[in-house]
>>> print(open('upload-v2.pdb').read())   # PDB, C-alpha atoms and all ligand atoms
ATOM      1  CA  MET A  11     -41.800 -16.018  46.580
ATOM      2  CA  ARG A  12     -39.854 -14.443  43.706
ATOM      3  CA  ASP A  13     -36.180 -14.894  42.867
ATOM      4  CA  ASN A  14     -35.600 -11.153  42.583
ATOM      5  CA  TYR A  15     -35.199  -9.199  45.803
ATOM      6  CA  ALA A  16     -36.207  -5.649  46.716
ATOM      7  CA  LEU A  17     -34.758  -4.217  49.914
ATOM      8  CA  VAL A  18     -36.871  -1.697  51.815
ATOM      9  CA  GLY A  19     -36.457   0.123  55.115
ATOM     10  CA  PHE A  20     -35.649   3.489  56.605
ATOM     11  CA  MET A  21     -32.800   5.685  55.350
ATOM     12  CA  GLY A  22     -29.536   4.414  56.787
ATOM     13  CA  CYS A  23     -30.723   0.864  57.488
ATOM     14  CA  GLY A  24     -28.088  -0.532  55.097
ATOM     15  CA  LYS A  25     -30.096  -1.302  51.943
ATOM     16  CA  THR A  26     -27.249  -0.520  49.569
ATOM     17  CA  THR A  27     -24.497  -2.291  51.505
ATOM     18  CA  VAL A  28     -26.599  -5.365  52.227
ATOM     19  CA  GLY A  29     -27.963  -5.359  48.672
ATOM     20  CA  ARG A  30     -24.473  -5.492  47.180
ATOM     21  CA  GLU A  31     -23.500  -8.318  49.525
ATOM     22  CA  LEU A  32     -26.680 -10.280  48.776
ATOM     23  CA  ALA A  33     -26.179  -9.900  45.024
ATOM     24  CA  LYS A  34     -22.593 -11.087  45.395
ATOM     25  CA  ARG A  35     -23.751 -14.169  47.284
ATOM     26  CA  LEU A  36     -26.473 -14.914  44.726
ATOM     27  CA  GLN A  37     -24.154 -14.052  41.814
ATOM     28  CA  CYS A  38     -26.724 -11.756  40.276
ATOM     29  CA  PRO A  39     -26.776  -8.058  39.378
ATOM     30  CA  PHE A  40     -27.320  -5.343  41.984
ATOM     31  CA  TRP A  41     -29.335  -2.173  41.289
ATOM     32  CA  ASP A  42     -29.722   0.888  43.467
ATOM     33  CA  LEU A  43     -32.873   2.713  42.407
ATOM     34  CA  ASP A  44     -31.754   6.170  43.613
ATOM     35  CA  ALA A  45     -28.452   5.731  41.765
ATOM     36  CA  ALA A  46     -30.365   4.687  38.617
ATOM     37  CA  ILE A  47     -32.609   7.773  38.900
ATOM     38  CA  ALA A  48     -29.636  10.102  39.409
ATOM     39  CA  LEU A  49     -27.794   8.562  36.471
ATOM     40  CA  GLY A  50     -30.827   8.574  34.180
ATOM     41  CA  GLU A  51     -31.822  12.125  35.073
ATOM     42  CA  ARG A  52     -28.198  13.394  35.189
ATOM     43  CA  ARG A  53     -28.937  15.065  38.538
ATOM     44  CA  THR A  54     -28.412  14.196  42.165
ATOM     45  CA  ILE A  55     -31.405  13.266  44.344
ATOM     46  CA  PRO A  56     -31.118  16.572  46.311
ATOM     47  CA  GLU A  57     -31.140  18.466  42.984
ATOM     48  CA  ILE A  58     -34.293  16.638  41.862
ATOM     49  CA  PHE A  59     -36.000  17.466  45.172
ATOM     50  CA  ALA A  60     -34.921  21.130  44.877
ATOM     51  CA  GLN A  61     -36.095  21.476  41.273
ATOM     52  CA  GLN A  62     -39.222  19.312  41.180
ATOM     53  CA  GLY A  63     -40.162  18.912  44.804
ATOM     54  CA  GLU A  64     -40.816  15.626  46.543
ATOM     55  CA  ALA A  65     -43.855  14.958  44.321
ATOM     56  CA  GLY A  66     -41.683  15.190  41.201
ATOM     57  CA  PHE A  67     -39.151  12.814  42.721
ATOM     58  CA  ARG A  68     -41.919  10.310  43.593
ATOM     59  CA  GLU A  69     -43.096  10.277  39.967
ATOM     60  CA  LEU A  70     -39.583   9.484  38.775
ATOM     61  CA  GLU A  71     -39.149   6.887  41.509
ATOM     62  CA  HIS A  72     -42.278   5.055  40.381
ATOM     63  CA  ALA A  73     -41.295   5.211  36.697
ATOM     64  CA  TYR A  74     -37.800   3.827  37.402
ATOM     65  CA  LEU A  75     -39.214   1.126  39.673
ATOM     66  CA  LYS A  76     -41.470  -0.105  36.873
ATOM     67  CA  ARG A  77     -38.474  -0.181  34.556
ATOM     68  CA  ALA A  78     -36.423  -2.145  37.098
ATOM     69  CA  ALA A  79     -39.229  -4.606  37.753
ATOM     70  CA  GLY A  80     -38.442  -6.908  34.870
ATOM     71  CA  ARG A  81     -34.759  -7.214  35.688
ATOM     72  CA  ARG A  82     -33.096 -10.080  37.423
ATOM     73  CA  GLY A  83     -31.208  -9.310  40.610
ATOM     74  CA  VAL A  84     -31.287  -7.402  43.866
ATOM     75  CA  LEU A  85     -32.822  -3.910  43.993
ATOM     76  CA  SER A  86     -32.166  -1.407  46.760
ATOM     77  CA  CYS A  87     -35.148   0.968  47.105
ATOM     78  CA  GLY A  88     -35.210   4.469  48.567
ATOM     79  CA  GLY A  89     -36.677   4.696  52.062
ATOM     80  CA  GLY A  90     -39.942   6.299  50.924
ATOM     81  CA  LEU A  91     -40.760   4.002  48.026
ATOM     82  CA  ALA A  92     -42.798   1.470  49.975
ATOM     83  CA  LEU A  93     -45.142   4.163  51.296
ATOM     84  CA  PHE A  94     -47.028   4.368  48.019
ATOM     85  CA  PRO A  95     -49.610   1.713  47.101
ATOM     86  CA  ARG A  96     -48.692   1.816  43.390
ATOM     87  CA  ASN A  97     -45.083   0.963  44.305
ATOM     88  CA  ARG A  98     -46.134  -1.756  46.727
ATOM     89  CA  GLU A  99     -48.137  -3.312  43.937
ATOM     90  CA  VAL A 100     -44.997  -3.531  41.749
ATOM     91  CA  LEU A 101     -43.006  -4.937  44.675
ATOM     92  CA  SER A 102     -45.517  -7.665  45.408
ATOM     93  CA  ARG A 103     -45.837  -8.658  41.775
ATOM     94  CA  HIS A 104     -42.132  -8.816  40.904
ATOM     95  CA  PHE A 105     -39.993  -9.178  44.016
ATOM     96  CA  THR A 106     -39.398 -10.902  47.283
ATOM     97  CA  THR A 107     -39.499  -7.795  49.451
ATOM     98  CA  VAL A 108     -37.113  -7.716  52.402
ATOM     99  CA  PHE A 109     -37.514  -5.207  55.234
ATOM    100  CA  LEU A 110     -34.157  -4.354  56.802
ATOM    101  CA  ASP A 111     -35.274  -3.679  60.346
ATOM    102  CA  CYS A 112     -32.744  -1.417  62.016
ATOM    103  CA  ASP A 113     -33.204   0.692  65.162
ATOM    104  CA  PHE A 114     -33.680   4.443  64.828
ATOM    105  CA  GLU A 115     -30.463   5.409  66.641
ATOM    106  CA  THR A 116     -28.276   3.392  64.250
ATOM    107  CA  CYS A 117     -30.063   4.772  61.181
ATOM    108  CA  TYR A 118     -29.898   8.309  62.486
ATOM    109  CA  GLN A 119     -26.168   8.201  63.211
ATOM    110  CA  ARG A 120     -25.605   7.174  59.601
ATOM    111  CA  ILE A 121     -27.862   9.768  57.991
ATOM    112  CA  ARG A 122     -27.723  12.838  60.228
ATOM    113  CA  ALA A 123     -24.790  14.440  58.399
ATOM    114  CA  SER A 124     -25.842  13.333  54.902
ATOM    115  CA  SER A 125     -27.361  15.426  52.133
ATOM    116  CA  ARG A 126     -30.672  13.545  52.151
ATOM    117  CA  PRO A 127     -33.416  16.130  51.526
ATOM    118  CA  LEU A 128     -35.816  14.611  54.063
ATOM    119  CA  VAL A 129     -33.242  14.781  56.851
ATOM    120  CA  GLN A 130     -31.441  18.055  56.215
ATOM    121  CA  ASP A 131     -33.879  20.589  57.645
ATOM    122  CA  LYS A 132     -35.411  18.310  60.255
ATOM    123  CA  SER A 133     -34.718  17.926  63.948
ATOM    124  CA  GLU A 134     -33.892  14.504  65.370
ATOM    125  CA  ALA A 135     -37.414  14.339  66.862
ATOM    126  CA  GLU A 136     -38.957  14.988  63.440
ATOM    127  CA  VAL A 137     -36.871  12.293  61.775
ATOM    128  CA  ARG A 138     -37.791   9.902  64.576
ATOM    129  CA  ALA A 139     -41.482  10.658  63.992
ATOM    130  CA  LEU A 140     -40.980   9.850  60.296
ATOM    131  CA  PHE A 141     -39.261   6.586  61.265
ATOM    132  CA  GLU A 142     -42.105   5.617  63.589
ATOM    133  CA  SER A 143     -44.828   6.451  61.085
ATOM    134  CA  ARG A 144     -43.126   4.368  58.391
ATOM    135  CA  TYR A 145     -42.199   1.326  60.463
ATOM    136  CA  PRO A 146     -45.616  -0.418  60.296
ATOM    137  CA  ILE A 147     -45.774   0.174  56.542
ATOM    138  CA  TYR A 148     -42.448  -1.572  55.928
ATOM    139  CA  GLN A 149     -43.608  -4.411  58.138
ATOM    140  CA  ALA A 150     -46.905  -4.818  56.337
ATOM    141  CA  CYS A 151     -45.511  -4.839  52.788
ATOM    142  CA  CYS A 152     -42.544  -7.171  53.232
ATOM    143  CA  ASP A 153     -42.259 -10.906  52.611
ATOM    144  CA  LEU A 154     -39.254 -11.208  54.938
ATOM    145  CA  GLN A 155     -38.215  -9.033  57.888
ATOM    146  CA  VAL A 156     -34.645  -9.279  59.129
ATOM    147  CA  ASN A 157     -32.794  -7.623  61.975
ATOM    148  CA  ALA A 158     -30.401  -5.312  60.147
ATOM    149  CA  ALA A 159     -28.386  -4.101  63.133
ATOM    150  CA  HIS A 160     -25.682  -6.707  62.386
ATOM    151  CA  SER A 161     -22.844  -6.889  59.877
ATOM    152  CA  PRO A 162     -23.915  -7.037  56.207
ATOM    153  CA  PHE A 163     -22.605 -10.627  56.064
ATOM    154  CA  MET A 164     -24.842 -11.687  58.957
ATOM    155  CA  VAL A 165     -27.848  -9.868  57.530
ATOM    156  CA  VAL A 166     -27.426 -11.675  54.211
ATOM    157  CA  GLN A 167     -27.139 -15.015  56.047
ATOM    158  CA  GLU A 168     -30.434 -14.244  57.774
ATOM    159  CA  ILE A 169     -32.177 -13.273  54.524
ATOM    160  CA  LEU A 170     -31.089 -16.511  52.859
ATOM    161  CA  LYS A 171     -32.063 -18.572  55.904
ATOM    162  CA  GLN A 172     -35.546 -17.060  56.001
ATOM    163  CA  ARG A 173     -35.906 -17.454  52.251
ATOM    164  CA  ARG A 174     -35.107 -21.194  52.477
ATOM    165  CA  ARG A 175     -37.740 -21.561  55.193
ATOM    166  CA  HIS A 176     -40.346 -20.063  52.892
ATOM    167  CA  ARG A 177     -39.645 -22.304  49.906
TER     168      ARG A 177
HETATM  169  C1  LIG B 201     -35.979   8.890  50.841
HETATM  170  C2  LIG B 201     -34.873   8.097  50.959
HETATM  171  C3  LIG B 201     -33.704   8.230  50.090
HETATM  172  C4  LIG B 201     -34.089   8.861  48.754
HETATM  173  C5  LIG B 201     -34.837  10.135  48.970
HETATM  174  C6  LIG B 201     -36.120   9.933  49.781
HETATM  175  C7  LIG B 201     -37.110   8.693  51.796
HETATM  176  O1  LIG B 201     -33.111   6.950  49.874
HETATM  177  O2  LIG B 201     -34.871   7.982  47.988
HETATM  178  O3  LIG B 201     -33.986  11.036  49.604
HETATM  179  O4  LIG B 201     -38.229   9.182  51.539
HETATM  180  O5  LIG B 201     -36.877   8.016  52.816
HETATM  181  P1  LIG B 201     -32.306   6.092  51.007
HETATM  182  O6  LIG B 201     -33.309   5.382  51.840
HETATM  183  O7  LIG B 201     -31.464   5.169  50.216
HETATM  184  O8  LIG B 201     -31.517   7.062  51.786
END
>>> encode(input="upload-v2.pdb", output="C-alpha cells")
Amino acid sequence: MRDNYALVGFMGCGKTTVGRELAKRLQCPFWDLDAAIALGERRTIPEIFAQQGEAGFRELEHAYLKRAAGRRGVLSCGGGLALFPRNREVLSRHFTTVFLDCDFETCYQRIRASSRPLVQDKSEAEVRALFESRYPIYQACCDLQVNAAHSPFMVVQEILKQRRRHR
C-alpha cells in the first residue's frame, strides 16, 4: 500500500473534511482536486460544467489527477472520479485509495442545497439512484473502506487503524 492517500466516495461523504484531518495527523500536505481544478482554470466547477459540459469537466479532472499523482500527501477526489477506468488506474498506481462509506441520507442532507451541478436539477430519487449505481464502484476500487458516518476524528482513527493492519 502507498503512503499517499486518495479519498473517494459520494458527494457529501466528507472527503474534504476528513482529508484535511488525515493530512494534519500525518503531517503532510492536503489537496482537494476540485479546488485545484477551479484554481487552475480560474472558474468554479458549476461554471466549467455550464461551459464545457460534464465531458469537458471529466477531461480536466483526469488531467489534474495525473498532475497530482506524483505529489506527497492526501488527495480528496470529486465523487465521480473513481467511475472512470483511466482514473482508477492512476489511483491504484499512486495512492492508497480510501472509500468513505456514508449513508445516502447523510450525504443528501449535506448536498441538497449546494450548487453541485449533478444535484441541482435532480430529484431526491434521482440522486439516490446515482448513489446506488456508484456504491459498488467505490467498493471495488478502494484499498480501505471506512464507515464515514462518524466524526472526522473517528474516521481518521479508523483509516489509520486499517492501514496499520495492512502493513
Ligand atoms: C461530482 C462531484 C463533485 C464535483 C463535480 C462532480 C460527481 O465533487 O467533482 O460536481 O460526479 O459526483 P464532490 O464529491 O467533492 O462534491
>>> closest_residue(input="upload-v2.pdb", among="A:Leu91, A:Arg81, A:Arg53, A:Glu142", to="Glu69 of chain A", atoms="only C-alpha atoms")
A:Leu91
>>> resolve_selection(input="upload-v2.pdb", expression="the PyMOL selection byres (((not hetatm)) within 10 of (chain B and resi 201))", output="number ranges by chain")
A: 17-26, 42-45, 47, 54-56, 58-59, 64, 67-68, 71, 86-93, 117, 120-121, 124-130, 137, 140-141, 144
>>> closest_residue(input="upload-v2.pdb", among="A:Ala16, A:Ala79, A:Leu32, A:Val100", to="Val165 of chain A", atoms="all atoms listed in the file")
A:Leu32
>>> axis_aligned_box(input="upload-v2.pdb", around="segment 81-92 of chain A", padding_each_side="4 Å", output="lines of an AutoDock Vina configuration file")
center_x = -37.0
center_y = -1.9
center_z = 43.9
size_x = 19.6
size_y = 24.4
size_z = 24.4
>>> atom_distance(input="upload-v2.pdb", atom1="atom CA of Ala33 of chain A", atom2="atom CA of Tyr15 of chain A")
9.1 Å
>>> resolve_selection(input="upload-v2.pdb", expression="the PyMOL selection byres (((chain A and resi 13) around 7) and not hetatm)", output="NGL selection string")
:A and (11-12 or 14-15 or 105-106)
>>> decode(input="upload-v2.pdb", residues="segment 87-102 of chain A", atoms="all heavy atoms", output="PDB file, in the first residue's frame")
ATOM      1  N   CYS A  87     -10.821  13.481  -3.780  1.00  0.00           N
ATOM      2  CA  CYS A  87     -11.261  13.394  -5.179  1.00  0.00           C
ATOM      3  C   CYS A  87     -12.742  13.730  -5.286  1.00  0.00           C
ATOM      4  O   CYS A  87     -13.517  13.429  -4.382  1.00  0.00           O
ATOM      5  CB  CYS A  87     -11.064  11.972  -5.698  1.00  0.00           C
ATOM      6  SG  CYS A  87      -9.366  11.407  -5.625  1.00  0.00           S
ATOM      7  N   GLY A  88     -13.156  14.272  -6.402  1.00  0.00           N
ATOM      8  CA  GLY A  88     -14.580  14.503  -6.648  1.00  0.00           C
ATOM      9  C   GLY A  88     -15.315  13.159  -6.703  1.00  0.00           C
ATOM     10  O   GLY A  88     -14.715  12.127  -7.033  1.00  0.00           O
ATOM     11  N   GLY A  89     -16.607  13.206  -6.412  1.00  0.00           N
ATOM     12  CA  GLY A  89     -17.390  11.976  -6.285  1.00  0.00           C
ATOM     13  C   GLY A  89     -17.483  11.124  -7.543  1.00  0.00           C
ATOM     14  O   GLY A  89     -17.784   9.936  -7.468  1.00  0.00           O
ATOM     15  N   GLY A  90     -17.226  11.724  -8.720  1.00  0.00           N
ATOM     16  CA  GLY A  90     -17.361  10.949  -9.955  1.00  0.00           C
ATOM     17  C   GLY A  90     -16.045  10.402 -10.481  1.00  0.00           C
ATOM     18  O   GLY A  90     -16.023   9.600 -11.416  1.00  0.00           O
ATOM     19  N   LEU A  91     -14.957  10.816  -9.869  1.00  0.00           N
ATOM     20  CA  LEU A  91     -13.631  10.474 -10.414  1.00  0.00           C
ATOM     21  C   LEU A  91     -13.395   8.974 -10.537  1.00  0.00           C
ATOM     22  O   LEU A  91     -12.893   8.486 -11.563  1.00  0.00           O
ATOM     23  CB  LEU A  91     -12.559  11.133  -9.527  1.00  0.00           C
ATOM     24  CG  LEU A  91     -11.100  10.905  -9.914  1.00  0.00           C
ATOM     25  CD1 LEU A  91     -10.293  12.185  -9.706  1.00  0.00           C
ATOM     26  CD2 LEU A  91     -10.473   9.763  -9.126  1.00  0.00           C
ATOM     27  N   ALA A  92     -13.797   8.244  -9.520  1.00  0.00           N
ATOM     28  CA  ALA A  92     -13.493   6.802  -9.488  1.00  0.00           C
ATOM     29  C   ALA A  92     -14.317   5.989 -10.482  1.00  0.00           C
ATOM     30  O   ALA A  92     -14.085   4.789 -10.646  1.00  0.00           O
ATOM     31  CB  ALA A  92     -13.717   6.272  -8.070  1.00  0.00           C
ATOM     32  N   LEU A  93     -15.262   6.640 -11.164  1.00  0.00           N
ATOM     33  CA  LEU A  93     -16.102   5.897 -12.109  1.00  0.00           C
ATOM     34  C   LEU A  93     -15.366   5.565 -13.401  1.00  0.00           C
ATOM     35  O   LEU A  93     -15.797   4.716 -14.164  1.00  0.00           O
ATOM     36  CB  LEU A  93     -17.348   6.717 -12.467  1.00  0.00           C
ATOM     37  CG  LEU A  93     -18.159   7.268 -11.300  1.00  0.00           C
ATOM     38  CD1 LEU A  93     -19.332   8.064 -11.814  1.00  0.00           C
ATOM     39  CD2 LEU A  93     -18.625   6.135 -10.408  1.00  0.00           C
ATOM     40  N   PHE A  94     -14.263   6.247 -13.646  1.00  0.00           N
ATOM     41  CA  PHE A  94     -13.587   6.114 -14.932  1.00  0.00           C
ATOM     42  C   PHE A  94     -12.333   5.249 -14.806  1.00  0.00           C
ATOM     43  O   PHE A  94     -11.454   5.545 -13.980  1.00  0.00           O
ATOM     44  CB  PHE A  94     -13.213   7.511 -15.460  1.00  0.00           C
ATOM     45  CG  PHE A  94     -14.432   8.360 -15.676  1.00  0.00           C
ATOM     46  CD1 PHE A  94     -14.952   9.134 -14.647  1.00  0.00           C
ATOM     47  CD2 PHE A  94     -15.109   8.341 -16.885  1.00  0.00           C
ATOM     48  CE1 PHE A  94     -16.102   9.887 -14.820  1.00  0.00           C
ATOM     49  CE2 PHE A  94     -16.259   9.093 -17.078  1.00  0.00           C
ATOM     50  CZ  PHE A  94     -16.763   9.864 -16.037  1.00  0.00           C
ATOM     51  N   PRO A  95     -12.239   4.200 -15.637  1.00  0.00           N
ATOM     52  CA  PRO A  95     -11.109   3.278 -15.540  1.00  0.00           C
ATOM     53  C   PRO A  95      -9.747   3.982 -15.609  1.00  0.00           C
ATOM     54  O   PRO A  95      -8.831   3.622 -14.878  1.00  0.00           O
ATOM     55  CB  PRO A  95     -11.305   2.351 -16.748  1.00  0.00           C
ATOM     56  CG  PRO A  95     -12.774   2.373 -17.009  1.00  0.00           C
ATOM     57  CD  PRO A  95     -13.237   3.739 -16.635  1.00  0.00           C
ATOM     58  N   ARG A  96      -9.622   5.007 -16.449  1.00  0.00           N
ATOM     59  CA  ARG A  96      -8.310   5.675 -16.566  1.00  0.00           C
ATOM     60  C   ARG A  96      -7.925   6.363 -15.252  1.00  0.00           C
ATOM     61  O   ARG A  96      -6.751   6.467 -14.913  1.00  0.00           O
ATOM     62  CB  ARG A  96      -8.306   6.662 -17.738  1.00  0.00           C
ATOM     63  CG  ARG A  96      -9.289   7.796 -17.587  1.00  0.00           C
ATOM     64  CD  ARG A  96      -9.281   8.687 -18.812  1.00  0.00           C
ATOM     65  NE  ARG A  96     -10.189   9.810 -18.628  1.00  0.00           N
ATOM     66  CZ  ARG A  96     -10.301  10.819 -19.471  1.00  0.00           C
ATOM     67  NH1 ARG A  96      -9.560  10.843 -20.562  1.00  0.00           N
ATOM     68  NH2 ARG A  96     -11.134  11.807 -19.240  1.00  0.00           N
ATOM     69  N   ASN A  97      -8.942   6.840 -14.503  1.00  0.00           N
ATOM     70  CA  ASN A  97      -8.648   7.441 -13.197  1.00  0.00           C
ATOM     71  C   ASN A  97      -8.326   6.371 -12.157  1.00  0.00           C
ATOM     72  O   ASN A  97      -7.434   6.539 -11.318  1.00  0.00           O
ATOM     73  CB  ASN A  97      -9.833   8.277 -12.706  1.00  0.00           C
ATOM     74  CG  ASN A  97     -10.080   9.505 -13.562  1.00  0.00           C
ATOM     75  OD1 ASN A  97      -9.170   9.970 -14.247  1.00  0.00           O
ATOM     76  ND2 ASN A  97     -11.293  10.030 -13.540  1.00  0.00           N
ATOM     77  N   ARG A  98      -9.058   5.265 -12.240  1.00  0.00           N
ATOM     78  CA  ARG A  98      -8.805   4.175 -11.280  1.00  0.00           C
ATOM     79  C   ARG A  98      -7.393   3.631 -11.446  1.00  0.00           C
ATOM     80  O   ARG A  98      -6.748   3.230 -10.475  1.00  0.00           O
ATOM     81  CB  ARG A  98      -9.843   3.064 -11.452  1.00  0.00           C
ATOM     82  CG  ARG A  98     -11.253   3.491 -11.079  1.00  0.00           C
ATOM     83  CD  ARG A  98     -12.122   2.290 -10.742  1.00  0.00           C
ATOM     84  NE  ARG A  98     -12.381   1.461 -11.895  1.00  0.00           N
ATOM     85  CZ  ARG A  98     -13.440   1.571 -12.712  1.00  0.00           C
ATOM     86  NH1 ARG A  98     -14.334   2.519 -12.490  1.00  0.00           N
ATOM     87  NH2 ARG A  98     -13.617   0.755 -13.724  1.00  0.00           N
ATOM     88  N   GLU A  99      -6.935   3.649 -12.679  1.00  0.00           N
ATOM     89  CA  GLU A  99      -5.571   3.174 -12.941  1.00  0.00           C
ATOM     90  C   GLU A  99      -4.551   4.072 -12.219  1.00  0.00           C
ATOM     91  O   GLU A  99      -3.612   3.582 -11.597  1.00  0.00           O
ATOM     92  CB  GLU A  99      -5.348   3.247 -14.446  1.00  0.00           C
ATOM     93  CG  GLU A  99      -4.325   2.289 -14.985  1.00  0.00           C
ATOM     94  CD  GLU A  99      -4.250   2.452 -16.494  1.00  0.00           C
ATOM     95  OE1 GLU A  99      -5.231   2.077 -17.159  1.00  0.00           O
ATOM     96  OE2 GLU A  99      -3.230   2.979 -16.965  1.00  0.00           O
ATOM     97  N   VAL A 100      -4.762   5.389 -12.291  1.00  0.00           N
ATOM     98  CA  VAL A 100      -3.858   6.330 -11.599  1.00  0.00           C
ATOM     99  C   VAL A 100      -3.955   6.112 -10.091  1.00  0.00           C
ATOM    100  O   VAL A 100      -2.933   6.064  -9.388  1.00  0.00           O
ATOM    101  CB  VAL A 100      -4.192   7.803 -11.951  1.00  0.00           C
ATOM    102  CG1 VAL A 100      -3.278   8.759 -11.199  1.00  0.00           C
ATOM    103  CG2 VAL A 100      -4.098   8.042 -13.453  1.00  0.00           C
ATOM    104  N   LEU A 101      -5.185   5.943  -9.596  1.00  0.00           N
ATOM    105  CA  LEU A 101      -5.355   5.725  -8.150  1.00  0.00           C
ATOM    106  C   LEU A 101      -4.584   4.496  -7.704  1.00  0.00           C
ATOM    107  O   LEU A 101      -3.848   4.530  -6.710  1.00  0.00           O
ATOM    108  CB  LEU A 101      -6.847   5.552  -7.798  1.00  0.00           C
ATOM    109  CG  LEU A 101      -7.768   6.763  -7.944  1.00  0.00           C
ATOM    110  CD1 LEU A 101      -9.188   6.406  -7.547  1.00  0.00           C
ATOM    111  CD2 LEU A 101      -7.277   7.938  -7.116  1.00  0.00           C
ATOM    112  N   SER A 102      -4.743   3.403  -8.431  1.00  0.00           N
ATOM    113  CA  SER A 102      -4.124   2.157  -7.957  1.00  0.00           C
ATOM    114  C   SER A 102      -2.605   2.205  -8.072  1.00  0.00           C
ATOM    115  O   SER A 102      -1.901   1.563  -7.306  1.00  0.00           O
ATOM    116  CB  SER A 102      -4.689   0.949  -8.700  1.00  0.00           C
ATOM    117  OG  SER A 102      -4.240   0.963 -10.024  1.00  0.00           O
TER     118      SER A 102
END
